[in-house]
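Here is the structure we will look at, set down as structure tokens.
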Amino acid sequence: MRDQITGFFKGVAAAIGRGVRILVAWLIWPLMAAHGWYRGRRLWVKGPLAIVAVLLVALYGYFIWQTQVWRGFDPNFVDSYRWTERNMPAGQELPVPGVAAQAQAQTAGASAVAAAKQCQTSAIADAAADLTDMNVNQNAWISSMLLYRLGFFGMDWDHTPFLDNKASFQRGVNQAVRRTSVELVDTLARMRGTSGVNTNLQDARSNLQFDEYSWYFGLSPFGPKTPTPSYYRAAINSLHKFNTELGNCSATFDSRADNLVQFIDRVANDLGGTSAILRERSENYNGGWFDTRADDRFWFAYGQIYGYYAILSAAGADFSQVIRERNLAPLWTDMLKQMQAALRIQPAIISNGAEDGWIMPTHLAVMGFYTLRVRSNLVEIRLVLDR
């Protein structure tokens, strides 16, 4: 019996070995055939082909490096802003520091008083600008890179388990910034009953709506040009210009409760849409570690929460007076803690297993759970504001 068992396992091992050899031969054969063909060519053929090969290796090396290195990524980066120390809501005039400065301004006359006038800048605009800066200045914008557009042998990278996590994360962050830019233009930076639109915010919104995937050969002497990052960089400048105007009291930020209600509604609806996408994928595609679309769904949702964590933290500073008057601080803090908990989920490999499975985890369901909890917190805050 022992000899039979030993013979059986030897046969299985031999079969596996033959299979591996066949697979390796199948993979190597095209390279061997190409090498044989290349060796028989003349120098004027070998030279250009060698240059193309070296160029492809360099491009793919750069592409892989950019997709794997995440610069500026820090789920706790909002702590560095110290927004909780702000005492004034966005757009409100700041007091002149010191009695001596007030006396000097009164002595100098009305023109000097006007020149010394300053208002509180918007933390939301700062957060939106810095999130975009992380996407396109601290990192390469992956979605519009040439090799990302070419795909994996013609297959969209999002349909593979390779090299698409950072691109999905960046698009998730950008989704939060896009939604915020719309609300800044339509509601937050306009006084109710007026039709004036801040031109800098209008420019920022238009640039942030630019296609995330565009790439083309430009006329620049420096070679290929990716237009998408250039549009987003222009949006960063526009957001900074708006905050400069706001600091000089020449722009408006309407930090009223009804504007906060509308902003919360838009964010909750955005997160609700993402939660539905996660639920649909989790319920209908239980491929575990072999679901090639699970990673881009997960990292898009992660990036969106990452972006909204910064923006809602900033909103707590811009609407600080409303939050104090309505006693919303505990609810607001709890909402941000839920987002922090979601951002602590950073699996090396995304799995979309069955919810009752015991081998493969279900990261999509977990992320969907946290997304819904954040949305529930936002709905609860809205109900308090409506009272």
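Naming works like this for the structure tokens: A, B, ... for the chains as they're shown, residue 1 at the start of each chain, ligands 1 onward in shown order.
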Considering only C-alpha atoms, return as a short mmCIF file (atom, residue, chain, number, x, y, z; two decimals) with all heavy atoms, in the first residue's frame whatever protein or nucleic-acid residues lie within 9 Å of A:Thr180, sequence-local ones (same chain, fewer than 5 positions apart) excluded.
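Final file, part19.cif:
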```
data_model
loop_
_atom_site.label_atom_id
_atom_site.label_comp_id
_atom_site.auth_asym_id
_atom_site.auth_seq_id
_atom_site.Cartn_x
_atom_site.Cartn_y
_atom_site.Cartn_z
N ILE A 124 -12.02 74.67 3.03
CA ILE A 124 -12.47 73.76 1.97
C ILE A 124 -11.68 74.01 0.69
O ILE A 124 -11.24 73.05 0.02
CB ILE A 124 -13.98 73.93 1.71
CG1 ILE A 124 -14.78 73.46 2.93
CG2 ILE A 124 -14.42 73.18 0.47
CD1 ILE A 124 -16.28 73.65 2.80
N ALA A 125 -11.49 75.26 0.32
CA ALA A 125 -10.71 75.58 -0.88
C ALA A 125 -9.26 75.12 -0.73
O ALA A 125 -8.66 74.60 -1.68
CB ALA A 125 -10.78 77.07 -1.17
N ALA A 128 -9.24 71.25 -1.14
CA ALA A 128 -9.43 70.85 -2.54
C ALA A 128 -8.17 71.10 -3.36
O ALA A 128 -7.77 70.26 -4.19
CB ALA A 128 -10.61 71.61 -3.14
N GLN A 175 -12.93 62.73 -7.65
CA GLN A 175 -14.40 62.78 -7.60
C GLN A 175 -14.87 63.66 -6.44
O GLN A 175 -15.79 64.47 -6.59
CB GLN A 175 -14.95 61.37 -7.45
CG GLN A 175 -16.45 61.29 -7.18
CD GLN A 175 -17.29 61.83 -8.33
OE1 GLN A 175 -16.82 61.89 -9.47
NE2 GLN A 175 -18.52 62.22 -8.03
N VAL A 185 -19.00 76.83 -6.33
CA VAL A 185 -19.49 77.79 -7.33
C VAL A 185 -20.97 78.07 -7.14
O VAL A 185 -21.40 79.23 -7.13
CB VAL A 185 -19.22 77.25 -8.75
CG1 VAL A 185 -19.87 78.15 -9.80
CG2 VAL A 185 -17.72 77.16 -9.01
N ARG A 205 -13.75 74.94 -11.35
CA ARG A 205 -14.74 73.89 -11.63
C ARG A 205 -14.62 73.40 -13.07
O ARG A 205 -14.64 72.19 -13.32
CB ARG A 205 -16.16 74.42 -11.39
CG ARG A 205 -17.23 73.39 -11.71
CD ARG A 205 -18.62 73.87 -11.39
NE ARG A 205 -19.05 74.96 -12.25
CZ ARG A 205 -20.28 75.47 -12.26
NH1 ARG A 205 -21.19 74.99 -11.41
NH2 ARG A 205 -20.60 76.46 -13.05
N PHE A 263 -24.74 71.23 1.05
CA PHE A 263 -23.44 70.61 0.81
C PHE A 263 -23.42 69.17 1.35
O PHE A 263 -22.93 68.25 0.68
CB PHE A 263 -22.34 71.44 1.48
CG PHE A 263 -20.95 70.92 1.25
CD1 PHE A 263 -20.46 70.76 -0.03
CD2 PHE A 263 -20.14 70.60 2.33
CE1 PHE A 263 -19.16 70.28 -0.24
CE2 PHE A 263 -18.85 70.13 2.12
CZ PHE A 263 -18.36 69.97 0.83
N ARG A 266 -25.27 66.79 -0.98
CA ARG A 266 -24.53 66.42 -2.19
C ARG A 266 -23.46 65.37 -1.87
O ARG A 266 -23.27 64.41 -2.62
CB ARG A 266 -23.87 67.65 -2.81
CG ARG A 266 -24.83 68.73 -3.23
CD ARG A 266 -25.75 68.27 -4.36
NE ARG A 266 -26.51 69.37 -4.90
CZ ARG A 266 -27.68 69.80 -4.44
NH1 ARG A 266 -28.22 69.19 -3.40
NH2 ARG A 266 -28.31 70.81 -5.01
N VAL A 267 -22.76 65.54 -0.75
CA VAL A 267 -21.73 64.57 -0.37
C VAL A 267 -22.37 63.22 -0.04
O VAL A 267 -21.87 62.16 -0.46
CB VAL A 267 -20.92 65.09 0.82
CG1 VAL A 267 -19.93 64.02 1.31
CG2 VAL A 267 -20.17 66.36 0.45
N TYR A 308 -12.97 63.17 0.84
CA TYR A 308 -14.05 63.77 1.64
C TYR A 308 -13.66 63.90 3.11
O TYR A 308 -14.18 64.77 3.82
CB TYR A 308 -15.33 62.94 1.51
CG TYR A 308 -16.13 63.29 0.29
CD1 TYR A 308 -16.63 62.30 -0.55
CD2 TYR A 308 -16.38 64.62 -0.04
CE1 TYR A 308 -17.36 62.63 -1.68
CE2 TYR A 308 -17.11 64.96 -1.16
CZ TYR A 308 -17.61 63.96 -1.98
OH TYR A 308 -18.34 64.30 -3.10
N ILE A 311 -12.00 67.22 3.08
CA ILE A 311 -12.95 68.30 2.77
C ILE A 311 -13.96 68.51 3.90
O ILE A 311 -14.29 69.65 4.27
CB ILE A 311 -13.64 68.01 1.44
CG1 ILE A 311 -12.63 68.19 0.28
CG2 ILE A 311 -14.86 68.91 1.24
CD1 ILE A 311 -13.10 67.67 -1.04
#
```
Members of stretch 103-253 of chain A assigned strand (DSSP E or B) by DSSP, as a ChimeraX atom specification: /A:119,152,155,216,225
Restricted to N, CA, C and O atoms, what would the selected residues look like written as a compact mmCIF listing (two decimals), in the first residue's frame?
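Okay, this is what ended up in selection_38.txt:
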```txt
# COMPACT_ATOMS: atom_id res chain seq x y z
N CYS A 119 -10.28 88.92 6.00
CA CYS A 119 -11.33 87.95 6.30
C CYS A 119 -10.74 86.55 6.39
O CYS A 119 -9.64 86.29 5.88
N PHE A 152 -2.94 46.64 -21.10
CA PHE A 152 -2.14 45.43 -20.99
C PHE A 152 -2.44 44.54 -22.19
O PHE A 152 -3.44 43.84 -22.23
N MET A 155 -5.80 45.30 -23.37
CA MET A 155 -6.85 45.20 -22.34
C MET A 155 -6.72 46.36 -21.36
O MET A 155 -5.62 46.70 -20.93
N TYR A 216 -2.16 63.10 -25.44
CA TYR A 216 -1.89 63.32 -26.85
C TYR A 216 -0.46 63.82 -27.01
O TYR A 216 0.19 64.23 -26.04
N LYS A 225 3.02 65.33 -24.13
CA LYS A 225 2.36 66.20 -23.18
C LYS A 225 1.05 65.57 -22.74
O LYS A 225 0.30 65.06 -23.57
```
Quick one: everything within 12 Å of A:Asn352, counting only C-alpha atoms, minus sequence neighbours fewer than 4 positions away in the same chain. Send it as a ChimeraX atom specification. /A:278-298,347,356-357,359-368
Could you dump the residues just selected with C-alpha atoms as a CSV table (one decimal), in the first residue's frame?
```
chain,number,residue,atom,x,y,z
A,278,LEU,CA,-19.6,48.4,-4.1
A,279,ARG,CA,-22.8,46.4,-3.1
A,280,GLU,CA,-23.5,45.4,-6.7
A,281,ARG,CA,-19.9,44.1,-7.2
A,282,SER,CA,-19.9,42.4,-3.9
A,283,GLU,CA,-23.2,40.6,-4.4
A,284,ASN,CA,-22.8,39.5,-8.0
A,285,TYR,CA,-19.1,38.8,-8.4
A,286,ASN,CA,-17.7,36.7,-5.6
A,287,GLY,CA,-14.4,35.9,-7.2
A,288,GLY,CA,-12.4,36.3,-4.1
A,289,TRP,CA,-8.8,37.2,-4.9
A,290,PHE,CA,-9.5,36.4,-8.6
A,291,ASP,CA,-12.0,39.3,-9.1
A,292,THR,CA,-9.9,41.6,-11.3
A,293,ARG,CA,-12.4,44.5,-10.9
A,294,ALA,CA,-12.5,44.4,-7.1
A,295,ASP,CA,-9.3,46.4,-6.6
A,296,ASP,CA,-10.3,49.4,-8.7
A,297,ARG,CA,-13.8,49.5,-7.0
A,298,PHE,CA,-12.1,49.4,-3.6
A,347,PRO,CA,-5.0,45.4,2.3
A,356,ASP,CA,-20.3,34.2,4.5
A,357,GLY,CA,-17.0,32.8,3.2
A,359,ILE,CA,-11.2,31.5,3.3
A,360,MET,CA,-11.3,34.7,1.1
A,361,PRO,CA,-12.2,38.0,2.8
A,362,THR,CA,-14.7,40.4,1.4
A,363,HIS,CA,-13.0,43.8,1.3
A,364,LEU,CA,-15.7,45.4,-0.9
A,365,ALA,CA,-18.4,44.7,1.7
A,366,VAL,CA,-16.3,46.1,4.5
A,367,MET,CA,-15.6,49.3,2.5
A,368,GLY,CA,-19.3,49.5,1.6
```
For A:Asp211, list every protein, DNA or RNA residue within 9 Å, evaluated using only C-alpha atoms, and leave out those in the same chain fewer than 3 positions away; present the list as a ChimeraX atom specification. /A:208,214,228
Selected residues, all heavy atoms, written as an mmCIF file, in the first residue's frame, please.
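This went into result.cif:
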```
data_model
loop_
_atom_site.group_PDB
_atom_site.id
_atom_site.type_symbol
_atom_site.label_atom_id
_atom_site.label_comp_id
_atom_site.auth_asym_id
_atom_site.auth_seq_id
_atom_site.Cartn_x
_atom_site.Cartn_y
_atom_site.Cartn_z
ATOM 1 N N LEU A 208 -11.485 71.195 -13.443
ATOM 2 C CA LEU A 208 -11.574 69.914 -12.747
ATOM 3 C C LEU A 208 -12.530 68.939 -13.435
ATOM 4 O O LEU A 208 -12.455 67.725 -13.200
ATOM 5 C CB LEU A 208 -12.014 70.129 -11.291
ATOM 6 C CG LEU A 208 -10.963 70.746 -10.379
ATOM 7 C CD1 LEU A 208 -11.573 71.186 -9.064
ATOM 8 C CD2 LEU A 208 -9.827 69.751 -10.126
ATOM 9 N N SER A 214 -7.365 61.858 -20.866
ATOM 10 C CA SER A 214 -6.841 62.415 -22.120
ATOM 11 C C SER A 214 -5.318 62.389 -22.164
ATOM 12 O O SER A 214 -4.630 62.699 -21.203
ATOM 13 C CB SER A 214 -7.329 63.855 -22.298
ATOM 14 O OG SER A 214 -8.700 63.872 -22.560
ATOM 15 N N THR A 228 -4.384 66.447 -19.192
ATOM 16 C CA THR A 228 -5.206 66.363 -17.987
ATOM 17 C C THR A 228 -4.518 66.991 -16.770
ATOM 18 O O THR A 228 -5.116 67.829 -16.092
ATOM 19 C CB THR A 228 -5.593 64.906 -17.706
ATOM 20 O OG1 THR A 228 -6.384 64.417 -18.791
ATOM 21 C CG2 THR A 228 -6.383 64.786 -16.421
#
```
Which residues are near stretch 299-307 of chain A? Cut-off 8 Å, only C-alpha atoms, ignore same chain within fewer than 4 positions. Put them as a VMD selection string. chain A and resid 75 131 165 to 166 168 to 177 274 295 311 339 342 to 343 367 371
Which is closest to A:Leu383 among A:Asn237, A:Leu328, A:Val182, A:Tyr213, if we use only C-alpha atoms? A:Leu328
Could you check how far atom CA of A:Gln118 sits from atom CA of A:Leu188, in Å to one decimal?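 Those two atoms sit 18.9 Å apart.
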From the set A:Trp215, A:Tyr148, A:Phe210, A:Tyr232, which residue has the shortest atom-to-atom contact distance to A:Ile64, counting only C-alpha atoms?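 Of all the options, A:Tyr148 lies closest to A:Ile64.
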Name the closest residue to A:Ala314 among the candidates A:Asn248, A:Thr84, A:Asn200, A:Asn76; distances are taken between atoms, counting only C-alpha atoms.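 The shortest atom-to-atom distance to A:Ala314 comes from A:Thr84.
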Quick one: residues within 12 Å of A:Pro229, only C-alpha atoms counted, chain neighbours fewer than 2 positions away excluded, as a ChimeraX atom specification? /A:132-145,170,174,207-215,225-227,231-236
Prev. selection, C-alpha atoms, output as a PDB file, in the first residue's frame:
```
ATOM      1  CA  THR A 132      -5.334  68.033  -6.376  1.00  0.00           C
ATOM      2  CA  ASP A 133      -1.702  68.992  -5.791  1.00  0.00           C
ATOM      3  CA  MET A 134      -1.069  65.525  -4.372  1.00  0.00           C
ATOM      4  CA  ASN A 135      -2.699  63.966  -7.441  1.00  0.00           C
ATOM      5  CA  VAL A 136      -0.841  65.826 -10.184  1.00  0.00           C
ATOM      6  CA  ASN A 137       2.232  67.507  -8.679  1.00  0.00           C
ATOM      7  CA  GLN A 138       3.460  65.157  -5.984  1.00  0.00           C
ATOM      8  CA  ASN A 139       2.491  62.167  -8.147  1.00  0.00           C
ATOM      9  CA  ALA A 140       2.073  61.466 -11.844  1.00  0.00           C
ATOM     10  CA  TRP A 141      -1.567  61.387 -12.966  1.00  0.00           C
ATOM     11  CA  ILE A 142      -1.723  57.699 -13.912  1.00  0.00           C
ATOM     12  CA  SER A 143      -5.012  57.630 -15.836  1.00  0.00           C
ATOM     13  CA  SER A 144      -3.703  59.775 -18.702  1.00  0.00           C
ATOM     14  CA  MET A 145      -0.238  58.216 -19.037  1.00  0.00           C
ATOM     15  CA  GLN A 170      -6.584  59.237  -7.699  1.00  0.00           C
ATOM     16  CA  ASN A 174     -10.716  63.726  -7.821  1.00  0.00           C
ATOM     17  CA  ASN A 207     -10.789  72.645 -15.267  1.00  0.00           C
ATOM     18  CA  LEU A 208     -11.574  69.914 -12.747  1.00  0.00           C
ATOM     19  CA  GLN A 209     -14.332  68.579 -15.022  1.00  0.00           C
ATOM     20  CA  PHE A 210     -11.755  67.893 -17.745  1.00  0.00           C
ATOM     21  CA  ASP A 211     -11.536  64.296 -18.973  1.00  0.00           C
ATOM     22  CA  GLU A 212      -9.442  62.163 -16.620  1.00  0.00           C
ATOM     23  CA  TYR A 213      -7.969  59.987 -19.392  1.00  0.00           C
ATOM     24  CA  SER A 214      -6.841  62.415 -22.120  1.00  0.00           C
ATOM     25  CA  TRP A 215      -3.358  62.053 -23.621  1.00  0.00           C
ATOM     26  CA  LYS A 225       2.360  66.203 -23.176  1.00  0.00           C
ATOM     27  CA  THR A 226      -0.488  65.051 -20.942  1.00  0.00           C
ATOM     28  CA  PRO A 227      -3.176  67.702 -20.901  1.00  0.00           C
ATOM     29  CA  TYR A 231      -5.880  71.462 -16.460  1.00  0.00           C
ATOM     30  CA  TYR A 232      -5.904  70.276 -12.856  1.00  0.00           C
ATOM     31  CA  ARG A 233      -2.841  72.403 -12.063  1.00  0.00           C
ATOM     32  CA  ALA A 234      -4.721  75.407 -13.423  1.00  0.00           C
ATOM     33  CA  ALA A 235      -7.561  74.546 -11.036  1.00  0.00           C
ATOM     34  CA  ILE A 236      -5.126  74.594  -8.101  1.00  0.00           C
TER      35      ILE A 236
END
```
Contact residues around stretch 318-321 of chain A with only C-alpha atoms at 9 Å, ignoring same-chain residues under 5 positions, as a list of chain:residue names: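 So the residues in contact are A:Trp83, A:Thr84, A:Arg86, A:Asn87, A:Met88, A:Pro89, A:Ala90, A:Gly91, A:Gln120, A:Thr121, A:Ser122, A:Ala123, A:Ile124, A:Phe253, A:Ser255, A:Arg256, A:Ala257, A:Leu260, A:Arg326, A:Ala329.
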Generate the output file for the selected residues, C-alpha atoms, as a PDB file, in the first residue's frame.
```pdb
ATOM      1  CA  TRP A  83      -8.301  73.623  11.638  1.00  0.00           C
ATOM      2  CA  THR A  84      -9.801  72.983  15.069  1.00  0.00           C
ATOM      3  CA  ARG A  86      -9.833  78.396  13.998  1.00  0.00           C
ATOM      4  CA  ASN A  87     -12.311  80.615  15.810  1.00  0.00           C
ATOM      5  CA  MET A  88     -13.924  82.318  12.815  1.00  0.00           C
ATOM      6  CA  PRO A  89     -16.005  80.790   9.997  1.00  0.00           C
ATOM      7  CA  ALA A  90     -14.888  81.272   6.406  1.00  0.00           C
ATOM      8  CA  GLY A  91     -15.627  84.682   4.914  1.00  0.00           C
ATOM      9  CA  GLN A 120     -11.033  84.274   7.180  1.00  0.00           C
ATOM     10  CA  THR A 121     -10.012  82.123   4.201  1.00  0.00           C
ATOM     11  CA  SER A 122     -11.764  78.882   3.234  1.00  0.00           C
ATOM     12  CA  ALA A 123     -10.366  75.615   4.557  1.00  0.00           C
ATOM     13  CA  ILE A 124     -12.470  73.764   1.970  1.00  0.00           C
ATOM     14  CA  PHE A 253     -18.180  82.603   1.453  1.00  0.00           C
ATOM     15  CA  SER A 255     -21.318  79.927   5.861  1.00  0.00           C
ATOM     16  CA  ARG A 256     -25.020  79.654   6.671  1.00  0.00           C
ATOM     17  CA  ALA A 257     -26.752  76.530   7.970  1.00  0.00           C
ATOM     18  CA  LEU A 260     -24.172  73.421   4.923  1.00  0.00           C
ATOM     19  CA  ARG A 326     -26.463  73.633  16.661  1.00  0.00           C
ATOM     20  CA  ALA A 329     -19.572  68.870  17.404  1.00  0.00           C
TER      21      ALA A 329
END
```
